[in-house]
Each structure stands twice: as C-alpha cells, then as structure tokens.
$ cat final_24.tsv   # TSV, C-alpha atoms
chain	number	residue	atom	x	y	z
A	1	MET	CA	108.08	27.98	-14.98
A	2	GLN	CA	108.27	29.90	-18.24
A	3	ARG	CA	107.62	26.63	-20.07
A	4	THR	CA	104.42	26.03	-18.06
A	5	GLY	CA	103.12	29.53	-18.85
A	6	PHE	CA	103.87	29.03	-22.51
A	7	LEU	CA	101.89	25.73	-22.61
A	8	LEU	CA	98.86	27.31	-20.88
A	9	ALA	CA	98.78	30.20	-23.31
A	10	ALA	CA	99.02	27.79	-26.25
A	11	ALA	CA	96.04	25.75	-24.90
A	12	MET	CA	93.85	28.85	-24.53
A	13	LEU	CA	94.71	29.94	-28.09
A	14	ALA	CA	93.80	26.49	-29.46
A	15	GLY	CA	90.40	26.58	-27.63
A	16	ALA	CA	89.59	29.97	-29.06
A	17	MET	CA	90.39	28.79	-32.57
A	18	ALA	CA	88.08	25.74	-32.13
A	19	LEU	CA	84.99	27.99	-31.67
A	20	SER	CA	82.95	28.93	-34.74
A	21	PRO	CA	82.74	32.59	-35.58
A	22	ALA	CA	79.04	32.71	-34.59
A	23	GLU	CA	79.71	31.10	-31.24
A	24	ALA	CA	82.64	33.36	-30.62
A	25	ASP	CA	80.49	36.42	-31.29
A	26	TYR	CA	77.74	34.97	-29.09
A	27	ARG	CA	80.22	34.36	-26.27
A	28	SER	CA	81.57	37.88	-26.54
A	29	GLY	CA	78.07	39.39	-26.72
A	30	ALA	CA	78.84	41.22	-29.91
A	31	GLY	CA	76.56	39.19	-32.18
A	32	ALA	CA	73.99	37.64	-29.78
A	33	PRO	CA	70.86	36.51	-31.68
A	34	PRO	CA	67.62	38.36	-30.89
A	35	LEU	CA	65.28	36.75	-28.28
A	36	LEU	CA	62.32	35.12	-30.01
A	37	LEU	CA	59.27	34.11	-27.96
A	38	SER	CA	57.07	31.25	-29.03
A	39	PRO	CA	53.65	32.25	-30.43
A	40	ASP	CA	52.21	29.39	-28.35
A	41	LEU	CA	51.57	31.32	-25.12
A	42	THR	CA	50.57	28.13	-23.33
A	43	GLU	CA	54.20	27.02	-23.21
A	44	PRO	CA	56.02	27.57	-19.92
A	45	TRP	CA	58.25	30.62	-20.09
A	46	VAL	CA	61.35	28.45	-19.62
A	47	LEU	CA	60.60	26.58	-22.86
A	48	GLN	CA	59.93	29.85	-24.65
A	49	LEU	CA	63.46	30.92	-23.78
A	50	GLN	CA	64.83	27.57	-24.98
A	51	PRO	CA	63.34	27.00	-28.48
A	52	HIS	CA	65.60	23.99	-29.15
A	53	ARG	CA	63.67	22.03	-26.44
A	54	ARG	CA	60.16	22.47	-27.90
A	55	GLN	CA	60.24	19.07	-29.50
A	56	MET	CA	60.21	17.62	-25.98
A	57	ARG	CA	56.55	18.54	-25.28
A	58	ALA	CA	53.40	17.66	-27.16
A	59	GLN	CA	51.92	20.09	-29.59
A	60	VAL	CA	49.30	22.35	-28.01
A	61	THR	CA	46.17	23.42	-29.82
A	62	THR	CA	43.66	26.08	-28.87
A	63	ARG	CA	40.93	24.60	-31.06
A	64	PRO	CA	37.85	23.88	-28.91
A	65	VAL	CA	37.04	20.21	-28.42
A	66	MET	CA	33.55	19.28	-29.64
A	67	ARG	CA	31.67	17.22	-27.06
A	68	GLN	CA	29.28	14.53	-28.18
A	69	PRO	CA	25.69	15.14	-27.04
A	70	GLN	CA	24.75	12.88	-24.14
A	71	ARG	CA	21.02	13.67	-23.82
A	72	MET	CA	19.98	11.15	-26.44
A	73	GLU	CA	22.01	8.39	-24.80
A	74	ARG	CA	20.56	9.14	-21.37
A	75	VAL	CA	17.01	9.05	-22.71
A	76	ARG	CA	17.63	5.71	-24.41
A	77	HIS	CA	19.18	4.37	-21.24
A	78	MET	CA	15.99	5.25	-19.37
A	79	GLY	CA	13.94	3.26	-21.83
A	80	VAL	CA	12.12	6.29	-23.21
A	81	ALA	CA	11.81	6.97	-26.91
A	82	PRO	CA	13.94	9.91	-28.14
A	83	GLY	CA	11.99	13.16	-28.04
A	84	ALA	CA	9.43	11.85	-25.56
A	85	ALA	CA	9.19	13.41	-22.13
A	86	PRO	CA	9.76	10.97	-19.24
A	87	GLN	CA	6.50	10.08	-17.54
A	88	GLN	CA	6.06	11.20	-13.95
A	89	LYS	CA	4.47	8.94	-11.39
A	90	VAL	CA	1.02	10.24	-10.54
A	91	GLN	CA	0.42	10.46	-6.82
A	92	ARG	CA	-3.20	10.24	-5.67
A	93	GLN	CA	-3.79	12.36	-2.61
A	94	VAL	CA	-6.73	13.22	-0.39
A	95	ASP	CA	-8.30	16.62	-0.94
A	96	PRO	CA	-7.12	18.71	2.05
A	97	ARG	CA	-10.67	19.79	2.85
A	98	PHE	CA	-11.45	16.20	3.87
A	99	LEU	CA	-8.69	16.00	6.47
A	100	PRO	CA	-9.77	15.86	10.16
A	101	THR	CA	-10.55	19.12	11.92
A	102	THR	CA	-12.62	20.52	14.78
A	103	VAL	CA	-15.65	22.65	13.89
A	104	ALA	CA	-18.42	24.46	15.77
A	105	TYR	CA	-21.66	22.48	16.14
A	106	ASP	CA	-25.04	23.70	17.35
A	107	GLY	CA	-27.30	20.85	16.14
A	108	LYS	CA	-29.70	18.67	18.09
A	109	HIS	CA	-27.49	15.61	18.48
A	110	LYS	CA	-25.77	14.76	21.75
A	111	PRO	CA	-22.07	14.46	22.53
A	112	GLY	CA	-20.85	11.01	21.55
A	113	ASP	CA	-23.26	10.72	18.60
A	114	ILE	CA	-22.00	10.25	15.06
A	115	VAL	CA	-23.67	12.26	12.29
A	116	ILE	CA	-22.87	11.46	8.65
A	117	ASP	CA	-23.74	14.02	5.97
A	118	THR	CA	-23.62	11.85	2.83
A	119	GLU	CA	-24.18	14.81	0.52
A	120	ALA	CA	-21.30	16.89	1.91
A	121	ARG	CA	-19.16	13.74	2.48
A	122	TYR	CA	-18.46	14.47	6.15
A	123	LEU	CA	-18.70	12.46	9.36
A	124	TYR	CA	-19.12	14.42	12.61
A	125	LEU	CA	-18.34	13.07	16.06
A	126	ILE	CA	-20.24	15.39	18.39
A	127	GLU	CA	-18.21	16.69	21.33
A	128	LYS	CA	-19.03	18.73	24.41
A	129	GLY	CA	-19.03	22.51	24.45
A	130	GLY	CA	-20.63	23.06	21.03
A	131	PHE	CA	-17.94	21.42	18.94
A	132	ALA	CA	-17.61	18.39	16.69
A	133	ARG	CA	-14.68	16.49	15.24
A	134	ARG	CA	-15.13	16.31	11.49
A	135	TYR	CA	-13.70	13.69	9.11
A	136	GLY	CA	-13.96	13.28	5.36
A	137	VAL	CA	-15.67	10.09	4.16
A	138	GLY	CA	-16.55	8.16	1.03
A	139	VAL	CA	-20.20	7.17	0.63
A	140	GLY	CA	-22.44	4.89	-1.42
A	141	ARG	CA	-22.45	5.40	-5.16
A	142	PRO	CA	-25.73	6.16	-7.00
A	143	GLY	CA	-28.21	3.38	-6.36
A	144	PHE	CA	-26.60	2.44	-3.04
A	145	GLU	CA	-27.47	5.50	-0.97
A	146	TRP	CA	-29.30	5.04	2.31
A	147	ALA	CA	-30.26	6.97	5.45
A	148	GLY	CA	-31.32	6.08	8.96
A	149	THR	CA	-30.27	5.79	12.60
A	150	HIS	CA	-28.43	2.79	14.03
A	151	LYS	CA	-26.06	1.92	16.86
A	152	VAL	CA	-22.52	0.67	16.77
A	153	THR	CA	-23.03	-3.00	17.64
A	154	ARG	CA	-19.48	-4.26	17.14
A	155	LYS	CA	-15.94	-3.01	16.59
A	156	ALA	CA	-13.08	-4.87	14.94
A	157	GLU	CA	-9.39	-4.22	14.30
A	158	TRP	CA	-8.08	-5.27	10.87
A	159	PRO	CA	-11.38	-7.01	10.16
A	160	ASP	CA	-11.89	-9.94	7.81
A	161	TRP	CA	-14.02	-9.29	4.75
A	162	ARG	CA	-16.83	-11.57	3.58
A	163	PRO	CA	-18.51	-9.95	0.59
A	164	PRO	CA	-22.31	-10.48	0.64
A	165	ALA	CA	-23.75	-12.89	-1.92
A	166	GLU	CA	-25.40	-9.98	-3.75
A	167	MET	CA	-22.05	-8.26	-4.16
A	168	ARG	CA	-20.35	-11.42	-5.38
A	169	LYS	CA	-23.14	-11.89	-7.87
A	170	ARG	CA	-22.44	-8.42	-9.27
A	171	GLN	CA	-18.68	-8.98	-9.16
A	172	PRO	CA	-17.93	-12.71	-9.64
A	173	ASN	CA	-14.20	-12.16	-9.20
A	174	LEU	CA	-14.59	-11.26	-5.51
A	175	PRO	CA	-13.37	-13.79	-2.94
A	176	VAL	CA	-15.70	-15.49	-0.52
A	177	HIS	CA	-13.42	-14.49	2.33
A	178	MET	CA	-10.38	-12.24	2.73
A	179	ALA	CA	-8.30	-12.09	5.88
A	180	GLY	CA	-7.69	-8.72	7.48
A	181	GLY	CA	-4.60	-6.78	6.51
A	182	PRO	CA	-3.30	-3.80	4.53
A	183	LYS	CA	-4.78	-5.14	1.26
A	184	ASN	CA	-8.21	-5.78	2.76
A	185	PRO	CA	-10.85	-3.29	1.49
A	186	LEU	CA	-12.15	-2.80	5.06
A	187	GLY	CA	-8.86	-1.28	6.10
A	188	ALA	CA	-7.53	-0.98	9.65
A	189	ARG	CA	-10.78	-0.74	11.64
A	190	ALA	CA	-14.52	-1.33	11.24
A	191	LEU	CA	-17.56	-0.18	13.21
A	192	TYR	CA	-20.61	-2.37	12.42
A	193	LEU	CA	-24.02	-0.68	12.30
A	194	GLY	CA	-26.90	-2.60	13.86
A	195	SER	CA	-28.07	-5.63	11.94
A	196	THR	CA	-27.29	-4.04	8.57
A	197	LEU	CA	-24.52	-5.03	6.19
A	198	TYR	CA	-23.14	-1.51	6.41
A	199	ARG	CA	-20.02	-0.45	8.28
A	200	ILE	CA	-17.89	2.56	8.95
A	201	HIS	CA	-14.47	1.25	7.96
A	202	GLY	CA	-11.01	2.15	6.75
A	203	SER	CA	-9.83	1.98	3.18
A	204	ASN	CA	-6.69	1.04	1.24
A	205	GLU	CA	-7.83	3.55	-1.40
A	206	PRO	CA	-7.62	6.85	0.52
A	207	TRP	CA	-7.91	8.91	-2.66
A	208	THR	CA	-11.61	7.90	-2.86
A	209	ILE	CA	-12.43	9.89	0.27
A	210	GLY	CA	-14.95	12.59	-0.62
A	211	ARG	CA	-16.47	10.50	-3.43
A	212	ALA	CA	-19.53	8.32	-3.88
A	213	VAL	CA	-17.91	4.98	-4.72
A	214	SER	CA	-18.93	2.32	-2.20
A	215	SER	CA	-21.77	-0.21	-2.04
A	216	GLY	CA	-23.29	1.68	0.89
A	217	CYS	CA	-20.55	1.50	3.53
A	218	ILE	CA	-18.97	4.66	4.93
A	219	ARG	CA	-15.24	4.57	4.25
A	220	MET	CA	-12.48	6.64	5.86
A	221	ARG	CA	-8.72	6.96	5.68
A	222	ASN	CA	-7.09	4.29	7.84
A	223	GLU	CA	-5.53	6.85	10.20
A	224	ASP	CA	-8.90	8.57	10.59
A	225	VAL	CA	-10.92	5.43	11.29
A	226	ILE	CA	-8.33	4.41	13.90
A	227	ASP	CA	-8.79	7.77	15.60
A	228	LEU	CA	-12.59	7.44	15.47
A	229	TYR	CA	-12.41	3.82	16.67
A	230	ASP	CA	-10.57	4.89	19.82
A	231	ARG	CA	-13.12	7.62	20.58
A	232	VAL	CA	-16.39	5.77	19.96
A	233	PRO	CA	-17.72	2.97	22.21
A	234	VAL	CA	-20.05	0.15	21.27
A	235	GLY	CA	-23.60	1.42	21.62
A	236	ALA	CA	-22.94	4.90	20.15
A	237	LYS	CA	-25.68	6.24	17.93
A	238	VAL	CA	-24.99	6.80	14.22
A	239	HIS	CA	-27.23	9.14	12.23
A	240	VAL	CA	-26.89	8.83	8.44
A	241	LEU	CA	-28.50	11.78	6.65
$ encode --input "final_24.tsv" --output "structure tokens"
Amino acid sequence: MQRTGFLLAAAMLAGAMALSPAEADYRSGAGAPPLLLSPDLTEPWVLQLQPHRRQMRAQVTTRPVMRQPQRMERVRHMGVAPGAAPQQKVQRQVDPRFLPTTVAYDGKHKPGDIVIDTEARYLYLIEKGGFARRYGVGVGRPGFEWAGTHKVTRKAEWPDWRPPAEMRKRQPNLPVHMAGGPKNPLGARALYLGSTLYRIHGSNEPWTIGRAVSSGCIRMRNEDVIDLYDRVPVGAKVHVL
C-alpha cells in the first residue's frame, strides 16, 4: 500500500517536471498571456479567442469590389449603337374626338338618314327624339371631293375590292381584284351609294380617320362601320355635304 502511494507521487512529480515553465505558469494562472482580439472584426468570436486557428479560414478583406459596368453590354446586346437611345415603337391612334358618340340634332333630316359633313369629318346617323349618332370619318383628298344625295343600294360584309380602271391607271401597282379580309382596303363592311363608285366602308388604316386621304370614298374604323352597318338598311338616304 505504501509502495503504491510512493509510485503515484513519483508519477505526478515526473509530469510536473515535463511541463515548460511558461506552460506551468499558464496552468497555475500566475503568468497567463493577455487576451488579444483579432483586428479583423469579421472573424467569428470563437476564432478571435483561438488565434492559432486563423490559418484555417480564408483571408477576409474589407476592400470594396469594383463591379464592371453592364449598361454598355446590354445596349450592344439589343443591337443599338453605344450612346444611342433605344427607339420606341410609334403607335398610331385615332384622335379621341373622332370616336363614336351621341349628340343633339335639330336639323331638317329625318331619323334613319345619314348626313356626312366632309369639312368637319363627321358622319351623323339621325335618330329619333332630336339626337344623332356621330362617327369620325376619312374623306376624299383634294381633287376628289364631292357632294350630293344618294341611297344605300347594297351592303356587303368583308367586301372584295376591284379598283376602278382610273385608279389603277394612277397607281399601276394596284391589283385588279383583292378578296375581302383584314388586309383589304375596304375593311369589314361596305355600304354602296347609288350607281356611283363611292362607298362608306371600313379601313385597315384607322389612324387616317379625320383626314382627307381617300379617292372619294367615306372611310370609317372597322368597329364603327360594323355598328353603322347593323343600324342602316338598304334604301337609307345618304346626304354628303
């Protein structure tokens, strides 16, 4: 028993002698080194307390990263020369004052008559009770103006177009015949006036409403001529002023 105690005491003395003086002081608390925090405040606090492990993480820098400008690349990608503003698609719209509306009317014409004011670019469908339904129209350009009174002799949906010989002589590129459809210049509907070559018809160029651009025909927006077509019977009088 005494021998066992002697051996244990000898082992503890040998362990104490194996420690370096600095470690022995550190273990005893007498000479503990001061706590030094890393100047890199982005390090986790655990690593700041264990300086010998800093080599385990990548170096951190607070220098701002310079980003490469992307505007020039985007402009080139769009196919636009650097420094040039991208072109915007121009939308052609009808002037709001030529959109359909109901107005007061106290003229001499009867309900059911159509009155076209070529100077103001309006078509009036006379209604009962002192009112008229007003639409914007395009009229004949200079040299193709006309006036008179006729009747609606025929109506057609998505009419074919056969340009008169005089028109084809002025514009040789015009076809002899074009089937009805969205690309047809007569548009969605046509009201034929007497024995003349003139018509009230739709248009695939609605932005021309309110202008003097035609060869004498009265043109309307497709949605407006459809509305008029449904309201006007064959035989209705048309007064062009």
$ closest_residue --input "final_24.tsv" --among "A:Arg121, A:His109, A:Arg219, A:Arg168" --to "Thr149 (chain A)" --atoms "all atoms listed in the file"
A:His109
$ atom_distance --input "final_24.tsv" --atom1 "CA of Val238 (chain A)" --atom2 "CA of Thr153 (chain A)"
10.6 Å
$ residues_around --input "final_24.tsv" --residues "region 127-137 of chain A" --least-positions-apart "4" --cutoff "7 Å" --atoms "only C-alpha atoms" --output "number ranges by chain"
A: 98-106, 111-112, 121-123, 209-210, 218-220
$ atom_distance --input "final_24.tsv" --atom1 "CA of Pro172 (chain A)" --atom2 "CA of Arg92 (chain A)"
27.6 Å
$ closest_residue --input "final_24.tsv" --among "A:Arg97, A:Leu191, A:Tyr124, A:Arg162" --to "His177 (chain A)" --atoms "all atoms listed in the file"
A:Arg162
$ residues_around --input "final_24.tsv" --residues "Gly187 (chain A)" --least-positions-apart "6" --cutoff "6 Å" --atoms "all atoms listed in the file" --output "PyMOL selection string"
chain A and resi 202-204
$ atom_distance --input "final_24.tsv" --atom1 "CA of Val232 (chain A)" --atom2 "CA of His201 (chain A)"
13.0 Å
